[in-house]
file target.cif (mmCIF, C-alpha atoms)
data_structure
#
loop_
_atom_site.label_atom_id
_atom_site.label_comp_id
_atom_site.auth_asym_id
_atom_site.auth_seq_id
_atom_site.Cartn_x
_atom_site.Cartn_y
_atom_site.Cartn_z
CA MET A 1 43.12 5.06 61.73
CA LYS A 2 44.85 8.35 62.43
CA ILE A 3 45.31 10.89 59.68
CA TYR A 4 48.63 12.07 61.04
CA THR A 5 51.62 9.74 61.28
CA LYS A 6 54.37 12.21 62.23
CA THR A 7 56.76 10.27 59.97
CA GLY A 8 57.09 13.26 57.64
CA ASP A 9 57.90 15.79 60.31
CA GLY A 10 61.57 15.70 59.35
CA GLY A 11 60.93 16.60 55.72
CA GLU A 12 60.91 13.10 54.22
CA THR A 13 58.07 10.93 52.97
CA GLY A 14 57.59 7.29 52.10
CA LEU A 15 57.18 5.97 48.59
CA PHE A 16 54.71 3.33 47.53
CA GLY A 17 56.66 0.10 47.59
CA GLY A 18 59.21 1.27 50.12
CA GLY A 19 61.94 3.79 50.52
CA ARG A 20 61.95 7.37 51.74
CA VAL A 21 62.88 10.56 49.93
CA PRO A 22 62.93 14.28 50.75
CA LYS A 23 59.60 15.98 50.20
CA SER A 24 61.40 18.17 47.64
CA HIS A 25 62.26 15.13 45.47
CA ALA A 26 61.12 15.27 41.83
CA ARG A 27 58.91 12.20 42.37
CA ILE A 28 57.08 13.88 45.25
CA GLU A 29 56.75 17.12 43.26
CA ALA A 30 55.16 15.20 40.38
CA CYS A 31 52.81 13.38 42.77
CA GLY A 32 51.87 16.65 44.43
CA VAL A 33 51.05 18.39 41.19
CA LEU A 34 48.98 15.40 40.06
CA ASP A 35 47.08 15.61 43.34
CA GLU A 36 46.58 19.34 42.79
CA LEU A 37 45.39 18.66 39.24
CA GLY A 38 42.84 16.19 40.57
CA ALA A 39 41.51 18.90 42.90
CA PHE A 40 41.31 21.43 40.06
CA VAL A 41 39.51 18.91 37.87
CA GLY A 42 37.08 18.33 40.76
CA ASN A 43 36.56 22.08 41.01
CA ALA A 44 35.85 22.21 37.28
CA CYS A 45 33.32 19.37 37.70
CA ALA A 46 31.43 21.56 40.16
CA ALA A 47 31.57 24.61 37.87
CA VAL A 48 30.75 23.28 34.41
CA GLU A 49 27.28 23.47 32.94
CA VAL A 50 27.72 20.91 30.16
CA GLY A 51 26.79 17.51 31.64
CA LEU A 52 28.87 15.59 29.13
CA VAL A 53 31.97 17.57 30.14
CA ARG A 54 31.25 16.86 33.82
CA ASP A 55 30.96 13.12 33.12
CA ARG A 56 34.27 13.11 31.29
CA LEU A 57 35.97 15.11 34.03
CA GLU A 58 34.79 12.60 36.62
CA THR A 59 36.39 9.84 34.57
CA VAL A 60 39.60 11.86 34.39
CA GLN A 61 39.64 12.25 38.18
CA HIS A 62 39.77 8.48 38.56
CA ASP A 63 42.48 8.25 35.91
CA LEU A 64 44.57 10.88 37.69
CA PHE A 65 44.49 8.94 40.93
CA GLY A 66 45.90 5.95 39.08
CA LEU A 67 48.55 8.09 37.39
CA GLY A 68 49.55 9.35 40.81
CA ALA A 69 49.99 5.79 42.06
CA THR A 70 52.19 5.02 39.07
CA VAL A 71 54.35 8.08 39.65
CA ALA A 72 54.58 7.37 43.40
CA THR A 73 55.99 3.90 42.78
CA PRO A 74 59.69 3.79 41.90
CA GLU A 75 61.45 0.75 40.55
CA PRO A 76 61.83 -1.64 43.49
CA ALA A 77 65.08 -1.91 45.36
CA GLU A 78 66.99 -5.15 44.93
CA GLY A 79 65.18 -8.00 46.60
CA ARG A 80 61.83 -6.20 46.59
CA LYS A 81 58.83 -6.71 44.37
CA ARG A 82 57.07 -3.74 42.77
CA PRO A 83 53.62 -3.30 44.29
CA GLU A 84 50.67 -3.47 41.95
CA THR A 85 49.31 -0.16 40.77
CA PRO A 86 46.39 0.51 38.44
CA SER A 87 47.26 0.17 34.78
CA LEU A 88 47.72 3.45 32.99
CA PRO A 89 44.52 4.19 31.08
CA MET A 90 46.33 4.63 27.77
CA HIS A 91 43.12 3.87 25.86
CA ARG A 92 41.87 7.18 27.29
CA VAL A 93 44.41 9.10 25.18
CA GLY A 94 42.51 8.00 22.07
CA GLU A 95 39.18 8.69 23.78
CA MET A 96 40.32 12.21 24.64
CA GLU A 97 41.22 12.76 20.99
CA THR A 98 37.67 11.75 20.09
CA TRP A 99 36.29 14.10 22.76
CA ILE A 100 38.37 16.95 21.34
CA ASP A 101 37.25 16.20 17.79
CA GLU A 102 33.61 16.24 18.92
CA VAL A 103 34.08 19.65 20.53
CA ILE A 104 35.85 21.03 17.47
CA GLY A 105 32.83 19.93 15.43
CA GLU A 106 30.55 22.09 17.58
CA VAL A 107 32.50 25.27 18.34
CA PRO A 108 33.51 27.94 15.83
CA PRO A 109 36.91 27.47 14.17
CA LEU A 110 39.84 28.71 16.23
CA GLU A 111 41.20 31.75 14.39
CA ASN A 112 42.76 33.75 17.24
CA PHE A 113 44.64 33.27 20.47
CA VAL A 114 42.18 32.66 23.29
CA LEU A 115 42.45 34.05 26.82
CA SER A 116 41.03 32.50 29.94
CA GLY A 117 37.63 33.90 30.78
CA GLY A 118 33.99 33.82 29.93
CA SER A 119 31.77 31.46 31.89
CA PRO A 120 32.68 30.17 35.37
CA GLY A 121 32.98 26.63 33.98
CA ALA A 122 35.39 27.74 31.26
CA VAL A 123 37.56 29.57 33.77
CA ALA A 124 37.67 26.50 36.04
CA LEU A 125 38.68 24.37 33.06
CA ASP A 126 41.38 26.86 32.07
CA LEU A 127 42.80 26.74 35.60
CA ALA A 128 42.79 22.93 35.49
CA ARG A 129 44.55 23.09 32.11
CA THR A 130 47.37 25.24 33.46
CA VAL A 131 47.87 22.89 36.40
CA CYS A 132 47.81 19.98 33.95
CA ARG A 133 50.66 21.59 31.99
CA ARG A 134 52.60 21.97 35.25
CA ALA A 135 51.97 18.31 36.06
CA GLU A 136 53.25 17.40 32.62
CA ARG A 137 56.43 19.44 33.18
CA ALA A 138 56.92 17.78 36.58
CA ALA A 139 56.54 14.33 35.00
CA VAL A 140 59.07 15.22 32.30
CA THR A 141 61.51 16.43 34.98
CA LEU A 142 61.06 13.19 36.90
CA ARG A 143 61.67 11.15 33.73
CA LEU A 144 65.08 12.82 33.45
CA GLU A 145 65.99 11.37 36.87
CA ALA A 146 64.08 8.12 37.13
CA ASP A 147 62.24 5.45 35.22
CA VAL A 148 58.67 6.67 34.72
CA ASP A 149 56.19 5.27 32.24
CA PRO A 150 56.20 7.64 29.22
CA GLY A 151 52.44 7.17 29.05
CA VAL A 152 52.09 9.54 32.01
CA VAL A 153 53.42 12.43 29.93
CA GLN A 154 51.35 11.44 26.90
CA TYR A 155 48.16 11.25 28.99
CA LEU A 156 48.77 14.67 30.54
CA ASN A 157 49.60 16.24 27.19
CA ARG A 158 46.32 15.06 25.70
CA LEU A 159 44.38 15.99 28.82
CA SER A 160 45.54 19.60 28.64
CA ASP A 161 44.28 19.73 25.04
CA ALA A 162 40.94 18.27 26.12
CA LEU A 163 40.60 20.80 28.95
CA PHE A 164 41.22 23.64 26.48
CA ALA A 165 38.56 22.24 24.14
CA PHE A 166 36.09 21.76 27.01
CA ALA A 167 36.60 25.39 28.09
CA ARG A 168 35.77 26.55 24.56
CA LEU A 169 32.66 24.35 24.58
CA GLU A 170 31.54 25.75 27.94
CA ASN A 171 31.82 29.31 26.63
CA HIS A 172 30.14 28.41 23.34
CA ARG A 173 27.15 26.78 25.01
CA ALA A 174 26.92 29.60 27.57
CA GLY A 175 26.71 32.06 24.70
CA THR A 176 29.79 33.99 25.84
CA GLY A 177 32.11 32.71 23.13
CA ASP A 178 35.89 32.71 23.33
CA VAL A 179 37.71 35.57 25.01
CA ILE A 180 39.96 36.69 22.16
CA TRP A 181 43.41 38.16 22.76
CA ASP A 182 43.56 41.73 21.47
CA LYS A 183 47.19 42.55 20.71
CA ASP A 184 46.36 46.25 20.53
CA ARG A 185 45.24 46.28 24.16
CA ALA A 186 48.66 44.92 25.19
CA ARG A 187 50.41 48.10 24.04
#
call {"tool": "encode", "arguments": {"input": "target.cif", "output": "structure tokens"}}
result
Amino acid sequence: MKIYTKTGDGGETGLFGGGRVPKSHARIEACGVLDELGAFVGNACAAVEVGLVRDRLETVQHDLFGLGATVATPEPAEGRKRPETPSLPMHRVGEMETWIDEVIGEVPPLENFVLSGGSPGAVALDLARTVCRRAERAAVTLRLEADVDPGVVQYLNRLSDALFAFARLENHRAGTGDVIWDKDRAR
């Protein structure tokens, strides 16, 4: 099987289930940012020191691939059947809330605004979190134009919270603590 197909050389791409759209289409933007998020989560997996965080990130990577398939599949054109895609892992939203609560039970209370920084794992998680927020915005934009399962946005919203919590845990366990925003330094 060849990697290149040349079918996108004109600036269009195919959707799962049929149809072609410009590569600048909101659906393709959302798919692209989800793909990017998966790569950033993979990078964070390689950088984190906390094994439990790594295990959870690996689970998230699989979830994100399924979310991408959901986003890549528009409602079928008349006379077509929607192809099967993995079910959205909506149970994971509740699991992520549990993960966040566990982290909050271990790290010091959050009393200040926190900047990205500290340990390499925390920085990788912060980068993944910012890409996650962009993926969430892209999914919201797409929902304004097309029918997209609202669970995609909910999943991404909770994931960004979990990534923030994981970054705090990485810094806590590394002994670096949170990098606190100093408003006086911004003057």
call {"tool": "closest_residue", "arguments": {"input": "target.cif", "among": "A:Cys132, A:Leu156, A:Leu52, A:Val93", "to": "Val33 (chain A)", "atoms": "all atoms listed in the file"}}
result
A:Cys132
call {"tool": "resolve_selection", "arguments": {"input": "target.cif", "expression": "the PyMOL selection byres ((chain A and resi 25) around 12)", "output": "CSV table (one decimal) with C-alpha atoms, in the coordinates of the input"}}
result
chain,number,residue,atom,x,y,z
A,11,GLY,CA,60.9,16.6,55.7
A,12,GLU,CA,60.9,13.1,54.2
A,13,THR,CA,58.1,10.9,53.0
A,14,GLY,CA,57.6,7.3,52.1
A,15,LEU,CA,57.2,6.0,48.6
A,20,ARG,CA,62.0,7.4,51.7
A,21,VAL,CA,62.9,10.6,49.9
A,22,PRO,CA,62.9,14.3,50.8
A,23,LYS,CA,59.6,16.0,50.2
A,24,SER,CA,61.4,18.2,47.6
A,26,ALA,CA,61.1,15.3,41.8
A,27,ARG,CA,58.9,12.2,42.4
A,28,ILE,CA,57.1,13.9,45.2
A,29,GLU,CA,56.8,17.1,43.3
A,30,ALA,CA,55.2,15.2,40.4
A,31,CYS,CA,52.8,13.4,42.8
A,32,GLY,CA,51.9,16.6,44.4
A,72,ALA,CA,54.6,7.4,43.4
A,138,ALA,CA,56.9,17.8,36.6
A,139,ALA,CA,56.5,14.3,35.0
A,141,THR,CA,61.5,16.4,35.0
A,142,LEU,CA,61.1,13.2,36.9
A,145,GLU,CA,66.0,11.4,36.9
A,146,ALA,CA,64.1,8.1,37.1
call {"tool": "resolve_selection", "arguments": {"input": "target.cif", "expression": "the PyMOL selection byres ((chain A and resi 103) around 9)", "output": "PDB file with C-alpha atoms, in the coordinates of the input"}}
result
ATOM      1  CA  THR A  98      37.670  11.750  20.090  1.00  0.00           C
ATOM      2  CA  TRP A  99      36.290  14.100  22.760  1.00  0.00           C
ATOM      3  CA  ILE A 100      38.370  16.950  21.340  1.00  0.00           C
ATOM      4  CA  ASP A 101      37.250  16.200  17.790  1.00  0.00           C
ATOM      5  CA  GLU A 102      33.610  16.240  18.920  1.00  0.00           C
ATOM      6  CA  ILE A 104      35.850  21.030  17.470  1.00  0.00           C
ATOM      7  CA  GLY A 105      32.830  19.930  15.430  1.00  0.00           C
ATOM      8  CA  GLU A 106      30.550  22.090  17.580  1.00  0.00           C
ATOM      9  CA  VAL A 107      32.500  25.270  18.340  1.00  0.00           C
ATOM     10  CA  ALA A 162      40.940  18.270  26.120  1.00  0.00           C
ATOM     11  CA  ALA A 165      38.560  22.240  24.140  1.00  0.00           C
ATOM     12  CA  PHE A 166      36.090  21.760  27.010  1.00  0.00           C
ATOM     13  CA  ARG A 168      35.770  26.550  24.560  1.00  0.00           C
ATOM     14  CA  LEU A 169      32.660  24.350  24.580  1.00  0.00           C
TER      15      LEU A 169
END
call {"tool": "closest_residue", "arguments": {"input": "target.cif", "among": "A:Ala167, A:Ala135, A:Leu115, A:Leu125", "to": "Ile180 (chain A)", "atoms": "all atoms listed in the file"}}
result
A:Leu115
call {"tool": "residues_around", "arguments": {"input": "target.cif", "residues": "Leu88 (chain A)", "least_positions_apart": "5", "cutoff": "9 Å", "atoms": "all atoms listed in the file", "output": "PyMOL selection string"}}
result
chain A and resi 63+66-67+70+149+151-152+155
call {"tool": "closest_residue", "arguments": {"input": "target.cif", "among": "A:Ser87, A:Asn171, A:Thr7, A:Ser116", "to": "His62 (chain A)", "atoms": "all atoms listed in the file"}}
result
A:Ser87
call {"tool": "atom_distance", "arguments": {"input": "target.cif", "atom1": "CA of Lys183 (chain A)", "atom2": "CA of Asn157 (chain A)"}}
result
27.2 Å
call {"tool": "decode", "arguments": {"input": "target.cif", "residues": "region 27-42 of chain A", "atoms": "C-alpha atoms", "output": "mmCIF file, in the first residue's frame"}}
result
data_model
loop_
_atom_site.group_PDB
_atom_site.id
_atom_site.type_symbol
_atom_site.label_atom_id
_atom_site.label_comp_id
_atom_site.auth_asym_id
_atom_site.auth_seq_id
_atom_site.Cartn_x
_atom_site.Cartn_y
_atom_site.Cartn_z
ATOM 1 C CA ARG A 27 -14.249 19.368 9.860
ATOM 2 C CA ILE A 28 -10.712 18.878 8.561
ATOM 3 C CA GLU A 29 -9.381 21.562 10.923
ATOM 4 C CA ALA A 30 -10.977 19.761 13.877
ATOM 5 C CA CYS A 31 -9.564 16.411 12.713
ATOM 6 C CA GLY A 32 -6.133 17.949 12.267
ATOM 7 C CA VAL A 33 -6.046 19.476 15.711
ATOM 8 C CA LEU A 34 -7.205 16.177 17.242
ATOM 9 C CA ASP A 35 -4.361 14.456 15.400
ATOM 10 C CA GLU A 36 -1.943 17.088 16.697
ATOM 11 C CA LEU A 37 -3.313 16.619 20.210
ATOM 12 C CA GLY A 38 -2.689 12.886 19.957
ATOM 13 C CA ALA A 39 0.935 13.611 19.041
ATOM 14 C CA PHE A 40 1.337 16.031 21.952
ATOM 15 C CA VAL A 41 -0.183 13.493 24.337
ATOM 16 C CA GLY A 42 2.291 10.924 22.967
#
